[in-house]
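K.L.:
Quick one: structure below, then a few questions.
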Amino acid sequence: MILQIVGAFVAMFWFAVLIETPKKYLPLAGVVASVGWFVYLVCENMWADAVLATFCSAFTVTFISHLLARRMKTPVTIFLIAGIIPTVPGATMYRIAYYVILGDNQMSIHYLMEMFKIAGAIAVAIFIMDSLFRIAKKNGIKPGSITQNE
Amino acid sequence: MMSFLFKILKRRMGMDNERLIETAILAGEIMLRGGAEAYRVEDTMSHILQNADADRKEVIVMTTAIMAELTVKGETPLIRMRRVNNRGIDLNKVVLVNDISRKLCGGEMSVDEAYDKMQRISADKYKQYTSELFMLLTYIGAVIGFTIMFGGKLNEILSAVCTGGALAFCQISGGKLKANGFMLETVSATAVTALAIVLKAFVPVSINIDALIVGSIMPMVPGVSITNAVRDTLQGDYLTGGSRMMEAFIHAAAIALGVGIGMAIFGSKFIGRTVL
């Protein structure tokens, strides 16, 4: 599992280069991705459910990226994209194609549904966290005080 | 009284509003090209236009279009439009423009200075990394990382060097030929899948082909589109959010199609359906 988390760091570091992330944020992008992947792996071990694990991972990642973005005064997307990419349903897409070619319609539809569910889970996680931060910003609550309350 | 005099002075200095609206439009164009969310572009542009001396300041940003208007009562309105095609992802430019607009609004930078800086940024060749060899290594590094992430071991890592190279070749040469995104992704996914299957068939070590193929297609998945789609929709920008979602699904379909083609052609020929 540690190897996989290191893999997430390496992958995201180089992927961040591909989307032209500013140089000084490259290692941070990698760290955010590995935290997200760590949460994903732990949750998947616990519940054996990719959708729920994706939700937890995306939720954590959005929270971290908002905090980082506030501190560094940069757009939140830089860290958010880095954290979201590992959970984006690339594996599910591969399985859909795989089962379509095998001629197993039931499995391919199962994975198609899973892809929609995972995409939805990511969306909902970002939705909730963004709204929370927006409410906090409008009411003048600083990010530090939210962490203390939780 | 002072502010009135200041206004007159500003107008006498000439073309202040025009300069400002050009700056705002340029900022919007760079950001939209760099893959920023529409609401962020709108926000930045209206911040820049806040400095203008006008009665009416309007900004509209959509997925492929930017419009801005400044009207002073009794004068011809200033209207600028921009059609933005060939959008890519370049977060560095988004960050830079964000910084410039922040400095401009904070009064640390004059409009002319900001305009000059943005014009330099907007050039296509303004990139952090220009060397093709470096891009090749980047693709390989990303593919190796994703392969490890999905549970690849030494054999898979060594094969990932090959598939990463193939992916990099497709993407870089496709970029040079200005191929459109859908075709480029389909071809890349096909090439990667075919190469993975051939490697499994001819190299006499066991390769976890799932991890290898998934790791190789991960650098193409539309993560940026998904993230932006969600954030734009949340802001009430349904038009942009919806079209971004559409973009994400089209890209996903292109990759799945590519993997499917690669398997259909090479799977049965080299290793047969049962092994696949």
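Naming scheme: A, B, ... for chains in displayed order of the structure tokens; residues 1 onward per chain; ligands 1 onward as shown.
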Hey, could you make a per-residue contact list for chain B against chain A with 6 Å as the cut-off, showing the nearest pair of atoms and its distance in Å to one decimal, counting only C-alpha atoms, sorted by chain and number, as CSV?
P.N.:
residue,atom,partner,partner_atom,distance
B:Ile89,CA,A:Ile19,CA,5.5
B:Asp90,CA,A:Glu20,CA,5.0
B:Leu91,CA,A:Thr21,CA,5.1
B:Asn92,CA,A:Pro22,CA,4.9
B:Thr138,CA,A:Trp14,CA,5.5
B:Gly141,CA,A:Trp14,CA,6.0
B:Ala142,CA,A:Ala11,CA,4.4
B:Gly145,CA,A:Ala11,CA,3.8
B:Phe146,CA,A:Ala11,CA,5.2
B:Ile148,CA,A:Gly7,CA,4.9
B:Met149,CA,A:Gln4,CA,4.3
B:Val214,CA,A:Ala91,CA,5.4
B:Met218,CA,A:Gly90,CA,5.8
B:Gly223,CA,A:Ile85,CA,5.3
B:Val224,CA,A:Ile81,CA,5.9
B:Val230,CA,A:Ala123,CA,5.7
B:Ala256,CA,A:Ala97,CA,5.5
B:Gly260,CA,A:Ala97,CA,4.9
K.L.:
Please write the residues from the selection above to a file, keeping N, CA and C atoms, as a JSON list (two decimals), in the first residue's frame.
P.N.:
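Just written: part_23.json:
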[["chain", "number", "residue", "atom", "x", "y", "z"],
["B", 89, "ILE", "N", -4.97, 23.20, -21.38],
["B", 89, "ILE", "CA", -4.83, 23.34, -19.94],
["B", 89, "ILE", "C", -3.47, 23.92, -19.66],
["B", 90, "ASP", "N", -3.44, 25.06, -18.99],
["B", 90, "ASP", "CA", -2.18, 25.71, -18.66],
["B", 90, "ASP", "C", -2.37, 26.48, -17.37],
["B", 91, "LEU", "N", -2.27, 25.77, -16.27],
["B", 91, "LEU", "CA", -2.59, 26.38, -14.98],
["B", 91, "LEU", "C", -1.63, 27.50, -14.62],
["B", 92, "ASN", "N", -0.41, 27.41, -15.15],
["B", 92, "ASN", "CA", 0.57, 28.44, -14.84],
["B", 92, "ASN", "C", 0.08, 29.82, -15.26],
["B", 138, "THR", "N", 8.27, 13.23, -19.10],
["B", 138, "THR", "CA", 7.14, 13.52, -18.23],
["B", 138, "THR", "C", 6.03, 12.50, -18.41],
["B", 141, "GLY", "N", 7.10, 9.29, -16.92],
["B", 141, "GLY", "CA", 7.04, 9.36, -15.45],
["B", 141, "GLY", "C", 5.62, 9.24, -14.96],
["B", 142, "ALA", "N", 4.68, 9.95, -15.62],
["B", 142, "ALA", "CA", 3.29, 9.91, -15.19],
["B", 142, "ALA", "C", 2.73, 8.50, -15.33],
["B", 145, "GLY", "N", 4.07, 6.28, -12.66],
["B", 145, "GLY", "CA", 3.43, 6.58, -11.38],
["B", 145, "GLY", "C", 2.04, 5.98, -11.28],
["B", 146, "PHE", "N", 1.23, 6.19, -12.34],
["B", 146, "PHE", "CA", -0.14, 5.67, -12.30],
["B", 146, "PHE", "C", -0.15, 4.15, -12.27],
["B", 148, "ILE", "N", 2.10, 2.20, -10.86],
["B", 148, "ILE", "CA", 2.37, 1.79, -9.48],
["B", 148, "ILE", "C", 1.14, 2.02, -8.62],
["B", 149, "MET", "N", 0.47, 3.14, -8.88],
["B", 149, "MET", "CA", -0.69, 3.48, -8.07],
["B", 149, "MET", "C", -1.77, 2.42, -8.15],
["B", 214, "VAL", "N", -4.61, 0.59, -17.46],
["B", 214, "VAL", "CA", -5.27, 1.68, -16.73],
["B", 214, "VAL", "C", -4.26, 2.79, -16.43],
["B", 218, "MET", "N", -4.55, 6.74, -17.83],
["B", 218, "MET", "CA", -4.88, 7.76, -16.81],
["B", 218, "MET", "C", -4.43, 9.17, -17.18],
["B", 223, "GLY", "N", -10.00, 14.73, -15.95],
["B", 223, "GLY", "CA", -10.17, 15.17, -14.56],
["B", 223, "GLY", "C", -10.41, 16.65, -14.44],
["B", 224, "VAL", "N", -9.72, 17.42, -15.28],
["B", 224, "VAL", "CA", -9.86, 18.88, -15.22],
["B", 224, "VAL", "C", -11.28, 19.29, -15.61],
["B", 230, "VAL", "N", -18.16, 20.70, -12.25],
["B", 230, "VAL", "CA", -18.84, 20.74, -10.96],
["B", 230, "VAL", "C", -18.81, 22.13, -10.37],
["B", 256, "ALA", "N", -12.43, 5.18, -23.92],
["B", 256, "ALA", "CA", -12.99, 3.83, -23.87],
["B", 256, "ALA", "C", -13.03, 3.21, -25.27],
["B", 260, "GLY", "N", -11.19, -0.13, -26.52],
["B", 260, "GLY", "CA", -11.98, -1.17, -27.16],
["B", 260, "GLY", "C", -11.40, -1.58, -28.50]]
K.L.:
When you look at stretch 59-73 of chain B with a cut-off of 6 Å (counting only C-alpha atoms), what residues show up, excluding the ones that are within fewer than 3 positions of it in the same chain? I need them as a list in words.
P.N.:
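Within the cut-off, the hits are Glu42, Ala54, Asp55, Arg56, Pro77, Leu78, Ile79, Arg80, Met81, Arg82, Arg83, Val84 and Thr240 of chain B.
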K.L.:
Which residues of stretch 15-83 of chain B come within 9 Å of stretch 115-128 of chain B, and for each one, what is the closest pair of atoms and their distance in Å to one decimal, counting only C-alpha atoms, sorted by chain and residue number, as a Markdown table?
P.N.:
| residue | atom | partner | partner_atom | distance |
| --- | --- | --- | --- | --- |
| B:Arg19 | CA | B:Tyr115 | CA | 8.1 |
| B:Leu20 | CA | B:Tyr115 | CA | 8.5 |
| B:Glu22 | CA | B:Tyr115 | CA | 8.0 |
| B:Thr23 | CA | B:Tyr115 | CA | 5.4 |
| B:Ala24 | CA | B:Tyr115 | CA | 8.8 |
| B:Leu26 | CA | B:Met118 | CA | 7.2 |
| B:Ala27 | CA | B:Met118 | CA | 6.8 |
| B:Glu29 | CA | B:Ser122 | CA | 8.4 |
| B:Ile30 | CA | B:Ser122 | CA | 5.9 |
K.L.:
The selected residues should be written to file as a CSV table (one decimal), in the first residue's frame (atoms: N, CA and C atoms).
P.N.:
chain,number,residue,atom,x,y,z
B,19,ARG,N,-8.3,51.1,-22.5
B,19,ARG,CA,-7.1,50.3,-22.1
B,19,ARG,C,-7.6,49.3,-21.1
B,20,LEU,N,-8.4,49.7,-20.2
B,20,LEU,CA,-8.8,48.8,-19.1
B,20,LEU,C,-9.7,47.6,-19.7
B,22,GLU,N,-9.6,46.5,-22.7
B,22,GLU,CA,-8.7,45.6,-23.4
B,22,GLU,C,-7.9,44.6,-22.5
B,23,THR,N,-7.5,45.2,-21.4
B,23,THR,CA,-6.7,44.4,-20.4
B,23,THR,C,-7.6,43.3,-19.8
B,24,ALA,N,-8.9,43.7,-19.5
B,24,ALA,CA,-9.8,42.7,-18.9
B,24,ALA,C,-10.1,41.6,-19.9
B,26,LEU,N,-8.2,40.6,-22.4
B,26,LEU,CA,-7.0,39.8,-22.6
B,26,LEU,C,-6.8,38.8,-21.4
B,27,ALA,N,-7.1,39.4,-20.2
B,27,ALA,CA,-7.0,38.5,-19.0
B,27,ALA,C,-8.0,37.3,-19.1
B,29,GLU,N,-9.3,36.1,-21.8
B,29,GLU,CA,-8.9,35.1,-22.9
B,29,GLU,C,-7.8,34.2,-22.4
B,30,ILE,N,-6.8,34.7,-21.7
B,30,ILE,CA,-5.7,33.9,-21.3
B,30,ILE,C,-6.2,32.8,-20.3
K.L.:
Give me the residues within 9 Å of A:Phe79 as a list in words, counting only C-alpha atoms and dropping any in the same chain fewer than 4 places off.
P.N.:
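Near A:Phe79, the qualifying residues are Tyr25, Leu28, Ala29, Gly30, Val32, Ala33, Val61, Thr62, Ile64, Ser65, His66, Leu68, Ala69, Pro75, Gly83 and Ile84 of chain A.
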K.L.:
If you run DSSP on the backbone here, which positions in stretch 52-146 of chain B get alpha helix (DSSP H)? Please write them as a PyMOL selection string.
P.N.:
chain B and resi 91-105+111-122+132-146
